[in-house]
Amino acid sequence: MATVFKRPHALKEISMHYCPGCTHGIIHRLIAEVIDELEVEGTTIGVASVGCTYCNYEYFNFDMVQAPHGRAPAVATGVKRTSPDKVVYTYQGDGDLAAIGTAEIIHAAARGEKITTIFVNNAIYGMTSGQMAPTTLLNQITTTTPRGRSAELNGFPIKVCEMLSTLEGATFIERVSTHDIKNIVNAKKAIKKAFQVQIAKKGFSMVEVLSTCPTNWGLNPEESLKWLQDNMIPHYPLGNFKGKDLEV
Amino acid sequence: MGEKVLMKGNEVIGEAAIRAGCRYYFGYPITPQTEIAHYMAKKMPEAGGVFLQAESEIAAINMVYGAASTGARVMTSSSSPGMSLKQEGISYASCAQLPAVIVNIVRCGPGLGGILPGQCDYFQAVKGGGHGDYKMVVIAPSSVQELYELTVEAFNIADKYRILVMIMGDGILGQMMEPVEFKDKEEIITVEKNWAVTGTQMKREHNVITSISTDPEVMERWNLTLQEKYALITENEPKVESFNCENADIIVTAFGSVARIVKSVIPMAQKEGIKVGLIRPITLWPFPESEFQKYADVPKAFLDVEMNAGQMLEDVKMALNGKNEVHFHGRMGGMVPNQQDILNKIKEILKNK
């Protein structure tokens, strides 16, 4: 009988620690599938960050480094500069990348560092139990914005793709979502292209993946997917911001 | 020995690193150490290596973290306020047992302080400026020649023990020009780094560089492993220079450039019939305690001289463990202890003996 579906080789056979309905597991799988398809497992070095995915190195078969909070792009820079023939990527959440690590991501992109960043945006801090993230939407309730995020008090959510697209060193920037099958398929295409851009040494590539946090949003998994679609996508429009036609 | 040249301390550190096989340097400009970066920017590409100016000291130490994770010999350098920013990365790299060399050309503090020399980062370097129970090997050269030799050695120690090694100089040492004699060939140890992230090539289990475990038993064992390593280093690696200590009336302790000032006080005191000994810790951690114990009962008193408010002083007192009295003379804010003041202090201490 023909095998139509199997676990990607790059993904270890270990159950993940993520909450039910969280989309990190899907995104991990997409990365593993892409690494399998590109046949780069043996030359990939991943960089985990701080947050819910701090220990995602346990789930992959390739080498990994765990970075201090927000510093994954700098750690990845150090890895890539010593190992230019390796495939190096960071996996970062919204607090890690767009708050504490803002300087590191901007400068890695500006340098055209030949790394790939998978930026998972769920508009909230997950690990520390639901505080406001730099990408938390206006009026969104979190444990540190109990009356909803106020523009007056907290300012405005950061649109990372739009911001990084202005940098010449960033050559491939795309925002995708995980709220349905069609979008998950698109997400995989974008992740694959981002890795191919790196392998072709064309500069910095990033895919922002809109993701859910049912636990801290206080919604069930199904409601969470709908909340993402109805609330996040209007503020964070999906699509390619840069490098759509880049030859890889 | 080979070529003898006149060079600036900071540049010698860069040259020594390249000679030690370091091919990756990440740093951010700050006075009075920036000539290290200038030298690396010029020489690293010629040596086939990478010089990268980071966006901050925080980024620089994390680039070191990444590079060291791959097993490469790597260095960063900074000065006091910049070194404060590196403390997070230092703690992580210490826990992850990454070998690397960090240079601190200390200026006076606290705060932005000033660009003039100081030794006021002793506590930060030796007692752990970052969080957690970790240690760095801290080496304090006192001449440009020593900056060269000890920087090369720092890379060997780092690789041998999988530990961060700090070269701690000061603005005087970094900025001064002195003759330095380079060896024709460096003694470089080669250590197999089978822990490094180099890509599995589909031939081995994956390697992971990390500094976290949520299992308290694992984390305690991890800490105990670190402590065992530190105990081994404490046994094997203390370095010290003692001079004129036999039958000394007083033993003065000082490190780095201040030890040279103290050395020049010795003949001045001799003319007045006072025999002054010197104990100069070369490694500030591990602290050369046994040398202090060896001479504890010899002099009438000890005098510790530093460019700070008395930081190594605590280690000197602990090493002597109450066996002799310890006096202190320090200058701060970029002021340097002068010979006459040190001699006056010696005479004042001995007057009542």
# chains A, B, ... in the order shown; residues from 1 in each chain; ligands from 1

call {"tool": "residues_around", "arguments": {"residues": "B:Gly129", "least_positions_apart": "3", "cutoff": "8 Å", "atoms": "only C-alpha atoms", "output": "PDB file with N, CA and C atoms, in the first residue's frame"}}
result
ATOM      1  N   SER B  84      28.614  45.659  31.149  1.00  0.00           N
ATOM      2  CA  SER B  84      27.353  45.463  31.889  1.00  0.00           C
ATOM      3  C   SER B  84      26.287  44.898  30.953  1.00  0.00           C
ATOM      4  N   GLN B  87      26.321  41.060  30.291  1.00  0.00           N
ATOM      5  CA  GLN B  87      26.210  40.114  31.406  1.00  0.00           C
ATOM      6  C   GLN B  87      25.168  39.020  31.155  1.00  0.00           C
ATOM      7  N   PHE B 123      34.585  43.127  40.890  1.00  0.00           N
ATOM      8  CA  PHE B 123      33.449  42.351  41.425  1.00  0.00           C
ATOM      9  C   PHE B 123      32.629  41.741  40.286  1.00  0.00           C
ATOM     10  N   GLN B 124      32.314  42.589  39.286  1.00  0.00           N
ATOM     11  CA  GLN B 124      31.468  42.118  38.177  1.00  0.00           C
ATOM     12  C   GLN B 124      32.090  40.908  37.484  1.00  0.00           C
ATOM     13  N   ALA B 125      33.414  40.979  37.281  1.00  0.00           N
ATOM     14  CA  ALA B 125      34.091  39.914  36.540  1.00  0.00           C
ATOM     15  C   ALA B 125      34.259  38.657  37.386  1.00  0.00           C
ATOM     16  N   VAL B 126      34.648  38.852  38.640  1.00  0.00           N
ATOM     17  CA  VAL B 126      35.096  37.733  39.472  1.00  0.00           C
ATOM     18  C   VAL B 126      33.940  37.098  40.248  1.00  0.00           C
TER      19      VAL B 126
END

call {"tool": "select_by_dssp", "arguments": {"residues": "stretch 121-255 of chain B", "states": "alpha helix (DSSP H)", "output": "number ranges by chain"}}
result
B: 122-127, 144-161, 171-175, 216-236

call {"tool": "residues_around", "arguments": {"residues": "A:Thr77", "least_positions_apart": "4", "cutoff": "10 Å", "atoms": "only C-alpha atoms", "output": "compact mmCIF listing (two decimals) with C-alpha atoms, in the first residue's frame"}}
result
# COMPACT_ATOMS: atom_id res chain seq x y z
CA ARG A 71 18.62 37.53 20.83
CA ALA A 72 17.97 34.69 18.38
CA PRO A 73 18.85 36.79 15.29
CA ARG A 81 29.05 33.68 9.99
CA THR A 82 31.08 30.67 11.13
CA SER A 83 29.02 28.24 9.03
CA PRO A 84 27.97 29.99 5.81
CA VAL A 88 20.22 28.67 9.80
CA TYR A 89 16.82 29.81 11.01
CA THR A 90 15.29 31.40 14.08
CA GLU A 104 18.39 42.28 16.91
CA ALA A 108 19.94 41.12 11.20
CA ARG A 111 22.65 43.39 7.31
CA GLU A 113 22.02 38.22 7.20
CA LYS A 114 21.51 35.03 5.24
CA ILE A 115 19.19 33.46 7.76
CA LEU B 52 31.44 42.14 12.38
CA ALA B 54 27.26 44.52 16.02
CA ALA B 59 24.04 41.57 20.07
CA ALA B 60 27.82 41.15 20.05
CA ASN B 62 25.02 36.77 21.45
CA MET B 63 26.89 36.54 18.16
CA VAL B 64 29.74 35.14 20.23
CA TYR B 65 27.23 32.69 21.73
CA GLY B 66 26.20 31.55 18.25
CA ALA B 67 29.74 31.32 16.89

call {"tool": "select_by_dssp", "arguments": {"residues": "stretch 71-166 of chain B", "states": "strand (DSSP E)", "output": "NGL selection string"}}
result
:B and (74-78 or 100-106 or 137-139 or 164-166)

call {"tool": "closest_atom_pairs", "arguments": {"of": "chain A", "to": "chain B", "cutoff": "8 Å", "atoms": "only C-alpha atoms", "output": "tab-separated table"}}
result
residue	atom	partner	partner_atom	distance
A:Glu41	CA	B:Met202	CA	7.2
A:Gly42	CA	B:Gln201	CA	3.8
A:Thr43	CA	B:Gly199	CA	4.4
A:Thr44	CA	B:Gly199	CA	5.8
A:Ile45	CA	B:Gly199	CA	6.2
A:Tyr57	CA	B:Val208	CA	7.0
A:Asn61	CA	B:His206	CA	5.6
A:Phe62	CA	B:His206	CA	5.1
A:Asp63	CA	B:His206	CA	4.7
A:Met64	CA	B:Val208	CA	4.9
A:Val65	CA	B:Ile209	CA	4.6
A:Gln66	CA	B:Thr210	CA	4.9
A:Ala67	CA	B:Thr210	CA	7.5
A:Pro68	CA	B:Tyr92	CA	7.1
A:Arg71	CA	B:Asn62	CA	6.5
A:Ala72	CA	B:Asn62	CA	8.0
A:Ala74	CA	B:Met63	CA	5.0
A:Val75	CA	B:Gly66	CA	4.2
A:Ala76	CA	B:Gly66	CA	6.0
A:Thr77	CA	B:Met63	CA	5.9
A:Gly78	CA	B:Met63	CA	4.0
A:Val79	CA	B:Gly66	CA	4.6
A:Lys80	CA	B:Ala67	CA	7.8
A:Arg81	CA	B:Val50	CA	7.2
A:Thr82	CA	B:Ala67	CA	5.9
A:Ser83	CA	B:Thr70	CA	7.6
A:Lys86	CA	B:Gly199	CA	7.3
A:Ala103	CA	B:Glu55	CA	7.5
A:Glu104	CA	B:Ala59	CA	6.5
A:His107	CA	B:Glu55	CA	6.7

call {"tool": "closest_residue", "arguments": {"among": "A:Gly130, A:Arg29, A:Ala123, A:Ala194", "to": "A:Ile233", "atoms": "only C-alpha atoms"}}
result
A:Ala123

call {"tool": "residues_around", "arguments": {"residues": "B:Ile18", "least_positions_apart": "2", "cutoff": "9 Å", "atoms": "only C-alpha atoms", "output": "list in words"}}
result
Ile13, Gly14, Glu15, Ala16, Ala20, Gly21, Cys22, Arg23, Tyr24, Met40, Lys43, Met44, Ala47, Gly49 and Val152 of chain B

call {"tool": "closest_residue", "arguments": {"among": "A:Glu33, A:Gln131, A:Ile118, A:Lys159", "to": "A:Pro146", "atoms": "only C-alpha atoms"}}
result
A:Gln131

call {"tool": "closest_atom_pairs", "arguments": {"of": "stretch 188-228 of chain A", "to": "stretch 34-38 of chain A", "cutoff": "10 Å", "atoms": "only C-alpha atoms", "output": "JSON lines"}}
result
{"residue": "A:Lys188", "atom": "CA", "partner": "A:Val34", "partner_atom": "CA", "distance": 7.3}
{"residue": "A:Lys189", "atom": "CA", "partner": "A:Val34", "partner_atom": "CA", "distance": 8.6}
{"residue": "A:Ala190", "atom": "CA", "partner": "A:Val34", "partner_atom": "CA", "distance": 10.0}
{"residue": "A:Ile191", "atom": "CA", "partner": "A:Val34", "partner_atom": "CA", "distance": 7.3}
{"residue": "A:Lys192", "atom": "CA", "partner": "A:Val34", "partner_atom": "CA", "distance": 5.5}
{"residue": "A:Lys193", "atom": "CA", "partner": "A:Val34", "partner_atom": "CA", "distance": 9.2}
{"residue": "A:Phe195", "atom": "CA", "partner": "A:Val34", "partner_atom": "CA", "distance": 8.2}
{"residue": "A:Gln196", "atom": "CA", "partner": "A:Leu38", "partner_atom": "CA", "distance": 8.2}
{"residue": "A:Ile199", "atom": "CA", "partner": "A:Leu38", "partner_atom": "CA", "distance": 9.7}

call {"tool": "residues_around", "arguments": {"residues": "B:Pro110", "least_positions_apart": "4", "cutoff": "10 Å", "atoms": "only C-alpha atoms", "output": "PyMOL selection string"}}
result
chain B and resi 80-81+114+120-121+333

call {"tool": "write_last_selection", "arguments": {"atoms": "N, CA and C atoms", "output": "mmCIF file, in the first residue's frame"}}
result
data_model
loop_
_atom_site.group_PDB
_atom_site.id
_atom_site.type_symbol
_atom_site.label_atom_id
_atom_site.label_comp_id
_atom_site.auth_asym_id
_atom_site.auth_seq_id
_atom_site.Cartn_x
_atom_site.Cartn_y
_atom_site.Cartn_z
ATOM 1 N N SER B 80 33.800 48.836 30.416
ATOM 2 C CA SER B 80 32.855 48.718 31.538
ATOM 3 C C SER B 80 31.348 48.862 31.252
ATOM 4 N N PRO B 81 30.852 50.035 30.775
ATOM 5 C CA PRO B 81 29.390 50.113 30.566
ATOM 6 C C PRO B 81 28.919 49.075 29.545
ATOM 7 N N GLY B 114 33.668 57.485 33.188
ATOM 8 C CA GLY B 114 34.593 58.265 32.368
ATOM 9 C C GLY B 114 35.413 57.302 31.558
ATOM 10 N N CYS B 120 37.448 48.955 38.571
ATOM 11 C CA CYS B 120 36.227 48.887 39.373
ATOM 12 C C CYS B 120 35.251 47.820 38.875
ATOM 13 N N ASP B 121 35.658 47.012 37.873
ATOM 14 C CA ASP B 121 34.792 45.922 37.419
ATOM 15 C C ASP B 121 35.238 44.577 37.981
ATOM 16 N N GLY B 333 37.667 57.088 39.875
ATOM 17 C CA GLY B 333 37.267 58.166 38.961
ATOM 18 C C GLY B 333 38.256 58.431 37.853
#
